[in-house]
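Student: Next comes structure10.txt, compact mmCIF, C-alpha atoms and all ligand atoms:
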# COMPACT_ATOMS: atom_id res chain seq x y z
CA MET A 1 0.00 0.00 0.00
CA SER A 2 1.28 3.49 -0.81
CA SER A 3 1.79 5.97 1.97
CA PHE A 4 2.64 9.56 2.83
CA THR A 5 3.87 11.05 6.07
CA LEU A 6 1.80 13.16 8.42
CA ASP A 7 3.83 14.89 11.10
CA GLY A 8 6.39 12.15 10.60
CA HIS A 9 3.89 9.26 10.89
CA ASP A 10 3.45 6.89 8.00
CA VAL A 11 -0.13 7.09 6.66
CA PRO A 12 -1.24 4.43 4.17
CA PHE A 13 -3.87 5.33 1.60
CA THR A 14 -5.90 3.81 -1.18
CA GLU A 15 -6.28 5.33 -4.62
CA GLY A 16 -8.82 8.15 -4.64
CA GLN A 17 -8.57 8.99 -0.95
CA SER A 18 -7.85 12.55 0.13
CA VAL A 19 -5.16 13.33 2.68
CA LEU A 20 -7.93 14.03 5.21
CA GLN A 21 -9.71 10.72 4.54
CA ALA A 22 -6.49 8.72 4.78
CA ALA A 23 -5.41 10.53 7.94
CA LEU A 24 -8.77 9.93 9.65
CA ALA A 25 -8.77 6.27 8.60
CA ALA A 26 -5.31 5.87 10.10
CA GLY A 27 -6.42 7.44 13.39
CA HIS A 28 -4.83 10.86 12.95
CA PRO A 29 -7.57 13.44 13.46
CA ILE A 30 -7.20 16.59 11.37
CA PRO A 31 -9.78 19.18 12.47
CA HIS A 32 -12.42 19.73 9.78
CA LEU A 33 -15.96 21.08 9.45
CA CYS A 34 -17.40 21.06 5.93
CA ALA A 35 -16.07 17.60 4.98
CA HIS A 36 -18.41 14.63 5.36
CA PRO A 37 -17.62 11.03 4.44
CA GLU A 38 -20.75 10.70 2.29
CA PHE A 39 -20.25 13.87 0.27
CA LYS A 40 -17.71 15.14 -2.21
CA ALA A 41 -15.12 17.41 -0.63
CA HIS A 42 -16.28 21.00 -0.51
CA GLY A 43 -13.13 22.84 0.55
CA SER A 44 -14.93 25.85 1.98
CA CYS A 45 -14.20 26.03 5.72
CA ARG A 46 -10.39 25.61 5.39
CA VAL A 47 -10.22 24.27 8.96
CA CYS A 48 -8.59 21.11 7.60
CA THR A 49 -5.66 23.11 6.20
CA VAL A 50 -2.28 21.37 6.32
CA LYS A 51 1.14 22.31 5.01
CA VAL A 52 2.72 20.36 2.18
CA ASN A 53 6.08 21.38 0.78
CA GLY A 54 5.71 24.78 2.41
CA ARG A 55 2.26 25.36 0.88
CA MET A 56 -1.01 25.67 2.82
CA VAL A 57 -3.67 23.43 1.33
CA ALA A 58 -7.05 22.02 2.39
CA SER A 59 -6.45 18.35 3.22
CA CYS A 60 -10.02 17.38 2.25
CA THR A 61 -9.44 18.36 -1.37
CA LEU A 62 -5.82 17.24 -1.59
CA PRO A 63 -5.50 13.78 -3.17
CA ALA A 64 -3.26 11.50 -1.13
CA ALA A 65 -0.05 10.74 -3.01
CA ALA A 66 2.97 8.62 -2.22
CA GLY A 67 5.83 10.50 -0.64
CA LEU A 68 3.92 13.62 0.42
CA ALA A 69 5.33 15.17 3.60
CA VAL A 70 2.30 16.65 5.35
CA GLU A 71 2.41 18.85 8.45
CA SER A 72 -0.70 19.25 10.59
CA GLU A 73 0.07 19.47 14.30
CA THR A 74 2.13 22.66 14.25
CA GLN A 75 1.62 25.90 16.16
CA GLU A 76 1.29 27.79 12.89
CA LEU A 77 -1.56 25.59 11.68
CA LYS A 78 -3.22 25.55 15.08
CA GLU A 79 -3.31 29.35 15.11
CA LEU A 80 -4.66 29.46 11.56
CA ARG A 81 -7.43 27.00 12.45
CA GLN A 82 -8.17 28.84 15.69
CA GLY A 83 -8.66 32.07 13.73
CA LEU A 84 -11.08 30.40 11.32
CA VAL A 85 -13.12 28.87 14.12
CA GLN A 86 -13.13 32.12 16.12
CA LEU A 87 -14.48 33.91 13.03
CA LEU A 88 -17.28 31.37 12.71
CA PHE A 89 -18.23 31.89 16.35
CA VAL A 90 -18.47 35.69 16.02
CA GLU A 91 -20.23 35.68 12.64
CA GLY A 92 -23.25 33.86 14.06
CA ASN A 93 -24.98 33.64 17.42
CA HIS A 94 -23.76 30.53 19.20
CA PHE A 95 -25.15 30.09 22.69
CA CYS A 96 -23.67 26.68 23.37
CA PRO A 97 -24.87 26.19 26.97
CA SER A 98 -28.53 26.35 25.91
CA CYS A 99 -28.19 24.70 22.50
CA GLU A 100 -29.85 21.32 21.92
CA LYS A 101 -26.79 20.25 19.93
CA SER A 102 -24.27 21.07 22.67
CA GLY A 103 -22.09 17.99 22.96
CA GLU A 104 -23.12 16.85 19.46
CA CYS A 105 -21.93 19.95 17.61
CA LYS A 106 -18.86 19.75 15.39
CA LEU A 107 -18.10 23.47 15.66
CA GLN A 108 -18.11 23.26 19.44
CA ALA A 109 -16.02 20.06 19.42
CA VAL A 110 -13.45 21.50 17.01
CA GLY A 111 -13.36 24.67 19.12
CA TYR A 112 -12.49 22.64 22.20
CA ALA A 113 -9.94 20.56 20.25
CA LEU A 114 -8.22 23.77 19.14
CA ASP A 115 -8.33 25.41 22.60
CA VAL A 116 -10.63 28.16 21.35
CA ARG A 117 -11.78 29.72 24.62
CA THR A 118 -12.50 33.32 23.59
CA PRO A 119 -14.19 34.93 20.56
CA HIS A 120 -11.03 36.99 19.88
CA PHE A 121 -12.80 39.04 17.18
CA PRO A 122 -15.67 41.53 17.74
CA GLN A 123 -18.98 39.70 18.01
CA LEU A 124 -21.28 40.65 15.12
CA PHE A 125 -24.58 39.57 16.70
CA PRO A 126 -26.44 39.28 13.37
CA ASP A 127 -30.23 39.48 13.44
CA ARG A 128 -31.37 36.05 12.30
CA PRO A 129 -34.94 35.15 13.25
CA VAL A 130 -35.63 31.48 13.89
CA ASP A 131 -38.02 29.80 11.42
CA ALA A 132 -40.40 27.60 13.39
CA SER A 133 -43.07 27.53 10.66
CA HIS A 134 -42.65 23.85 9.78
CA PRO A 135 -44.79 21.40 11.79
CA ASP A 136 -41.88 19.02 12.43
CA LEU A 137 -38.72 21.12 12.12
CA ILE A 138 -37.04 24.23 13.46
CA LEU A 139 -34.54 26.22 11.45
CA ASP A 140 -32.18 28.26 13.62
CA PHE A 141 -30.10 30.36 11.25
CA ASN A 142 -28.07 31.75 14.15
CA ARG A 143 -25.91 28.64 14.27
CA CYS A 144 -25.16 28.22 10.57
CA ILE A 145 -21.48 27.80 9.60
CA LEU A 146 -22.16 27.80 5.84
CA CYS A 147 -20.80 24.28 5.29
CA GLU A 148 -23.57 23.70 2.73
CA LEU A 149 -24.07 20.11 3.88
CA CYS A 150 -27.86 20.59 4.06
CA VAL A 151 -27.79 22.27 0.65
CA ARG A 152 -25.79 19.40 -0.84
CA ALA A 153 -27.82 16.68 0.88
CA SER A 154 -31.15 18.17 -0.15
CA ALA A 155 -30.04 18.48 -3.78
CA GLU A 156 -27.92 15.34 -4.20
CA VAL A 157 -29.58 12.82 -1.87
CA ASP A 158 -33.12 14.00 -1.17
CA GLY A 159 -33.70 15.46 -4.64
CA ARG A 160 -35.60 18.44 -3.23
CA HIS A 161 -33.29 21.49 -3.42
CA ALA A 162 -34.93 22.81 -0.25
CA PHE A 163 -31.88 24.84 0.89
CA ALA A 164 -29.41 27.24 -0.70
CA LEU A 165 -26.86 29.85 0.24
CA SER A 166 -27.45 33.45 -0.79
CA GLY A 167 -25.22 36.54 -0.73
CA ARG A 168 -21.47 36.90 -0.60
CA GLY A 169 -18.86 37.46 2.09
CA LEU A 170 -20.34 38.61 5.36
CA THR A 171 -23.86 38.71 3.90
CA LYS A 172 -23.74 35.06 2.86
CA HIS A 173 -26.54 33.17 4.55
CA LEU A 174 -28.72 30.10 4.38
CA ILE A 175 -32.11 30.42 2.70
CA VAL A 176 -34.92 28.01 1.88
CA ASN A 177 -36.41 27.37 -1.51
CA ALA A 178 -39.85 28.91 -1.07
CA GLU A 179 -41.27 32.22 -2.22
CA SER A 180 -42.44 32.95 1.32
CA GLY A 181 -38.95 32.26 2.66
CA LEU A 182 -40.46 29.86 5.17
CA LEU A 183 -39.48 26.26 5.72
CA LYS A 184 -43.11 25.13 5.86
CA ASP A 185 -43.50 26.08 2.20
CA THR A 186 -40.58 23.93 0.99
CA SER A 187 -40.81 20.25 0.12
CA VAL A 188 -38.43 19.26 2.94
CA ALA A 189 -39.45 16.20 4.96
CA VAL A 190 -38.45 15.26 8.47
CA THR A 191 -36.88 12.04 7.13
CA ASP A 192 -34.58 13.88 4.70
CA THR A 193 -30.82 13.44 4.88
CA ALA A 194 -30.58 17.25 4.84
CA VAL A 195 -32.25 17.28 8.24
CA THR A 196 -29.78 14.96 9.92
CA VAL A 197 -26.55 16.01 8.20
CA CYS A 198 -26.23 19.45 9.87
CA PRO A 199 -23.01 19.40 11.94
CA VAL A 200 -24.26 22.19 14.20
CA GLY A 201 -27.71 23.07 15.55
CA VAL A 202 -29.41 24.72 12.58
CA ILE A 203 -31.94 22.07 11.54
CA LEU A 204 -33.66 20.47 14.50
CA LYS A 205 -36.57 18.10 14.86
CA LYS A 206 -39.34 19.54 17.01
CA GLY A 207 -40.02 17.72 20.27
CA LYS A 208 -36.65 15.92 20.22
CA GLY A 209 -34.36 18.44 21.94
CA PHE A 210 -32.21 17.28 24.85
CA ALA A 211 -33.21 13.63 24.30
CA VAL A 212 -29.67 12.61 25.28
CA PRO A 213 -28.73 14.22 28.60
CA ILE A 214 -25.79 16.60 28.70
CA GLY A 215 -22.75 14.63 29.80
CA GLN A 216 -23.70 11.60 27.72
CA ARG A 217 -23.42 13.13 24.26
CA THR A 218 -20.84 12.24 21.62
CA TYR A 219 -18.32 14.96 22.39
CA ASP A 220 -18.96 14.84 26.14
CA LYS A 221 -17.47 11.35 26.06
CA ALA A 222 -14.69 11.76 23.51
CA ALA A 223 -12.83 14.67 22.01
CA PHE A 224 -13.20 15.54 18.35
CA GLY A 225 -11.47 12.95 16.19
CA PHE A 226 -12.01 10.20 18.74
CA GLU A 227 -15.80 9.91 18.45
CA GLY A 228 -17.06 6.38 18.79
CA LYS A 229 -13.76 5.12 20.12
CA LYS A 230 -13.33 3.74 23.60
CA PRO A 231 -11.67 6.28 25.94
FE1 LIG B 1 -11.63 20.82 4.31
FE2 LIG B 1 -13.68 22.29 5.22
S1 LIG B 1 -13.04 20.31 5.86
S2 LIG B 1 -12.15 22.82 3.75
Written as structure tokens, that's how I'd like the structure from this file.

Tutor:
Amino acid sequence: MSSFTLDGHDVPFTEGQSVLQAALAAGHPIPHLCAHPEFKAHGSCRVCTVKVNGRMVASCTLPAAAGLAVESETQELKELRQGLVQLLFVEGNHFCPSCEKSGECKLQAVGYALDVRTPHFPQLFPDRPVDASHPDLILDFNRCILCELCVRASAEVDGRHAFALSGRGLTKHLIVNAESGLLKDTSVAVTDTAVTVCPVGVILKKGKGFAVPIGQRTYDKAAFGFEGKKP
């Protein structure tokens, strides 16, 4: 099997794997947000950035190749990732202690993994009303990190195109595909992949919040990158 090195460790890979996929499979967690094993790499959050031959590159879009010398666990990369995560926290409204997804949220877990303890940048406090119009779902735009996983899942898996991103830069935001702008007027169904794929707490099923007690949730038990593994 071919391999590359990651921080000096040998990482085997199969043809077609990205550096991120191979690293995760070999038990070397590289922080990431917009990547998902069931979707094509998106390369938008840049949290998975690594350094290869002196060049910063997103590991989720970088094809694994024999002989690559990849750096990930360096202070430089940690600070870069911290900055990206801090920006995500100030761009939205993230009230982790009261969020139903606390302990199951990838942004929160990556934040802890990167020692992000302060916002660092000025908080923007955007005005993003919650859409509770749907009988079975709540859409809390305050927590969106623009990973587009719901957009991709709704289009590619569910075949509904219920979600989209609109705007550019700081005005970029999640919208729903309905003239009214309300989730109830889209074709989204509670069983859709788009509903379950959200890595944060944007799309929630009504009546299901806090089903797993705090302290027993995925990232309460294991740090990011070690989910599902015995402590
Ligand atoms: Fe690679 Fe988001 S996980 S850019």

Student: When you draw a straight line from CA of Phe141 (chain A) to CA of Asn93 (chain A), how long is it in Å?

Tutor: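 Atom-to-atom, CA of Phe141 (chain A) to CA of Asn93 (chain A), that is 8.7 Å.
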
Student: State, in Å with one decimal place, the distance from CA of Gln17 (chain A) to CA of Phe4 (chain A).

Tutor: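 CA of Phe4 (chain A) lies at a distance of 11.8 Å from CA of Gln17 (chain A).
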
Student: What does the list of residues within 12 Å of ligand LIG 1 (chain B) look like if you count all atoms listed in the file, written as a ChimeraX atom specification?

Tutor: /A:18-21,24,29-37,39-50,56-63,81,84-85,106-107,110,145-149,199

Student: In Å, how far is it from CA of Val90 (chain A) to CA of Ser166 (chain A)?

Tutor: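 Separating CA of Val90 (chain A) from CA of Ser166 (chain A) is a distance of 19.2 Å.
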
Student: Find the residues around region 6-9 of chain A up to 7 Å (only C-alpha atoms counted), leave out those fewer than 2 positions away in its own chain, and share them as a PDB file with C-alpha atoms, in the coordinates of the input.

Tutor:
ATOM      1  CA  PHE A   4       2.640   9.560   2.830  1.00  0.00           C
ATOM      2  CA  VAL A  11      -0.130   7.090   6.660  1.00  0.00           C
ATOM      3  CA  ALA A  69       5.330  15.170   3.600  1.00  0.00           C
ATOM      4  CA  VAL A  70       2.300  16.650   5.350  1.00  0.00           C
ATOM      5  CA  GLU A  71       2.410  18.850   8.450  1.00  0.00           C
ATOM      6  CA  SER A  72      -0.700  19.250  10.590  1.00  0.00           C
ATOM      7  CA  GLU A  73       0.070  19.470  14.300  1.00  0.00           C
TER       8      GLU A  73
END

Student: With distances taken over all atoms listed in the file, which of A:Ser187, A:Thr196, A:Thr171, A:Ser180 is nearest to Ala153 (chain A)?

Tutor: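 Going through A:Ser187, A:Thr196, A:Thr171, A:Ser180 one by one, the smallest distance to Ala153 (chain A) is for A:Thr196.
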
Student: For each of A:Ala222, A:Leu80, A:Ile138, A:Val188, take the minimum atom-to-atom distance to Ala155 (chain A), counting all atoms listed in the file, then give the residue where this is smallest.

Tutor: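 When distances to Ala155 (chain A) are compared using all atoms listed in the file, the smallest one comes from A:Val188.
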
Student: Residues within 12 Å of Phe226 (chain A), please, as a ChimeraX atom specification. Count all atoms listed in the file; anything in the same chain fewer than 3 positions from it doesn't count.

Tutor: /A:24-31,109-110,113,218-223,229-231

Student: Limited to C-alpha atoms, could you put the picked residues into a file as a CSV table (one decimal), keeping the file's coordinate frame?

Tutor:
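File produced: result.csv:
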chain,number,residue,atom,x,y,z
A,24,LEU,CA,-8.8,9.9,9.6
A,25,ALA,CA,-8.8,6.3,8.6
A,26,ALA,CA,-5.3,5.9,10.1
A,27,GLY,CA,-6.4,7.4,13.4
A,28,HIS,CA,-4.8,10.9,13.0
A,29,PRO,CA,-7.6,13.4,13.5
A,30,ILE,CA,-7.2,16.6,11.4
A,31,PRO,CA,-9.8,19.2,12.5
A,109,ALA,CA,-16.0,20.1,19.4
A,110,VAL,CA,-13.4,21.5,17.0
A,113,ALA,CA,-9.9,20.6,20.2
A,218,THR,CA,-20.8,12.2,21.6
A,219,TYR,CA,-18.3,15.0,22.4
A,220,ASP,CA,-19.0,14.8,26.1
A,221,LYS,CA,-17.5,11.4,26.1
A,222,ALA,CA,-14.7,11.8,23.5
A,223,ALA,CA,-12.8,14.7,22.0
A,229,LYS,CA,-13.8,5.1,20.1
A,230,LYS,CA,-13.3,3.7,23.6
A,231,PRO,CA,-11.7,6.3,25.9

Student: Got a sec: who's within 9 Å of Phe95 (chain A), counting only C-alpha atoms, leaving out chain neighbours fewer than 3 positions off, as a PyMOL selection string?

Tutor: chain A and resi 98-99+143

Student: With only C-alpha atoms as the basis for distance, which of A:Thr186, A:Gln123, A:Thr14, A:Gln82 is at the shortest distance from Phe163 (chain A)?

Tutor: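 Among the listed residues, A:Thr186 lies closest to Phe163 (chain A).
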
Student: Would you mind putting back all heavy atoms on region 131-142 of chain A, then writing it out as a compact mmCIF listing (two decimals), keeping the file's coordinate frame?

Tutor:
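Saved as selection.txt:
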# COMPACT_ATOMS: atom_id res chain seq x y z
N ASP A 131 -36.85 30.20 12.20
CA ASP A 131 -38.02 29.80 11.42
C ASP A 131 -38.62 28.54 12.06
O ASP A 131 -38.07 27.45 11.93
CB ASP A 131 -37.58 29.52 9.97
CG ASP A 131 -38.74 29.08 9.07
OD1 ASP A 131 -39.82 28.77 9.60
OD2 ASP A 131 -38.54 29.04 7.84
N ALA A 132 -39.74 28.73 12.74
CA ALA A 132 -40.40 27.60 13.39
C ALA A 132 -41.72 27.27 12.68
O ALA A 132 -42.63 26.69 13.26
CB ALA A 132 -40.66 27.91 14.85
N SER A 133 -41.80 27.67 11.38
CA SER A 133 -43.07 27.53 10.66
C SER A 133 -43.42 26.08 10.31
O SER A 133 -44.58 25.74 10.16
CB SER A 133 -42.98 28.35 9.36
OG SER A 133 -41.96 27.81 8.51
N HIS A 134 -42.41 25.24 10.19
CA HIS A 134 -42.65 23.85 9.78
C HIS A 134 -43.23 23.04 10.94
O HIS A 134 -42.82 23.22 12.08
CB HIS A 134 -41.32 23.23 9.32
CG HIS A 134 -41.47 21.96 8.56
ND1 HIS A 134 -41.70 20.75 9.18
CD2 HIS A 134 -41.45 21.70 7.22
CE1 HIS A 134 -41.79 19.80 8.26
NE2 HIS A 134 -41.64 20.36 7.06
N PRO A 135 -44.19 22.15 10.67
CA PRO A 135 -44.79 21.40 11.79
C PRO A 135 -43.81 20.48 12.52
O PRO A 135 -43.99 20.21 13.71
CB PRO A 135 -45.91 20.59 11.12
CG PRO A 135 -45.60 20.61 9.66
CD PRO A 135 -44.85 21.88 9.39
N ASP A 136 -42.77 20.01 11.81
CA ASP A 136 -41.88 19.02 12.43
C ASP A 136 -40.46 19.52 12.66
O ASP A 136 -39.66 18.83 13.29
CB ASP A 136 -41.77 17.78 11.53
CG ASP A 136 -43.12 17.17 11.26
OD1 ASP A 136 -43.89 17.03 12.22
OD2 ASP A 136 -43.42 16.87 10.08
N LEU A 137 -40.12 20.68 12.09
CA LEU A 137 -38.72 21.12 12.12
C LEU A 137 -38.57 22.57 12.56
O LEU A 137 -39.46 23.38 12.34
CB LEU A 137 -38.10 20.98 10.72
CG LEU A 137 -38.06 19.57 10.12
CD1 LEU A 137 -37.73 19.66 8.63
CD2 LEU A 137 -37.04 18.71 10.84
N ILE A 138 -37.42 22.85 13.13
CA ILE A 138 -37.04 24.23 13.46
C ILE A 138 -35.77 24.56 12.69
O ILE A 138 -34.87 23.71 12.57
CB ILE A 138 -36.79 24.40 14.97
CG1 ILE A 138 -38.12 24.30 15.72
CG2 ILE A 138 -36.11 25.73 15.28
CD1 ILE A 138 -37.99 24.50 17.22
N LEU A 139 -35.72 25.77 12.19
CA LEU A 139 -34.54 26.22 11.45
C LEU A 139 -33.95 27.40 12.21
O LEU A 139 -34.52 28.49 12.21
CB LEU A 139 -34.97 26.62 10.04
CG LEU A 139 -33.96 26.68 8.92
CD1 LEU A 139 -33.13 25.43 8.84
CD2 LEU A 139 -34.68 26.93 7.60
N ASP A 140 -32.81 27.18 12.86
CA ASP A 140 -32.18 28.26 13.62
C ASP A 140 -30.95 28.75 12.87
O ASP A 140 -29.85 28.20 12.98
CB ASP A 140 -31.79 27.77 15.02
CG ASP A 140 -31.37 28.93 15.90
OD1 ASP A 140 -30.97 29.98 15.34
OD2 ASP A 140 -31.41 28.80 17.14
N PHE A 141 -31.16 29.81 12.10
CA PHE A 141 -30.10 30.36 11.25
C PHE A 141 -28.91 30.91 12.04
O PHE A 141 -27.85 31.11 11.49
CB PHE A 141 -30.66 31.48 10.37
CG PHE A 141 -31.75 31.05 9.43
CD1 PHE A 141 -33.07 31.30 9.72
CD2 PHE A 141 -31.43 30.40 8.25
CE1 PHE A 141 -34.08 30.90 8.85
CE2 PHE A 141 -32.42 30.00 7.37
CZ PHE A 141 -33.75 30.25 7.67
N ASN A 142 -29.12 31.17 13.32
CA ASN A 142 -28.07 31.75 14.15
C ASN A 142 -26.83 30.88 14.24
O ASN A 142 -25.75 31.35 14.52
CB ASN A 142 -28.60 32.01 15.57
CG ASN A 142 -29.65 33.08 15.57
OD1 ASN A 142 -29.35 34.24 15.34
ND2 ASN A 142 -30.90 32.69 15.80
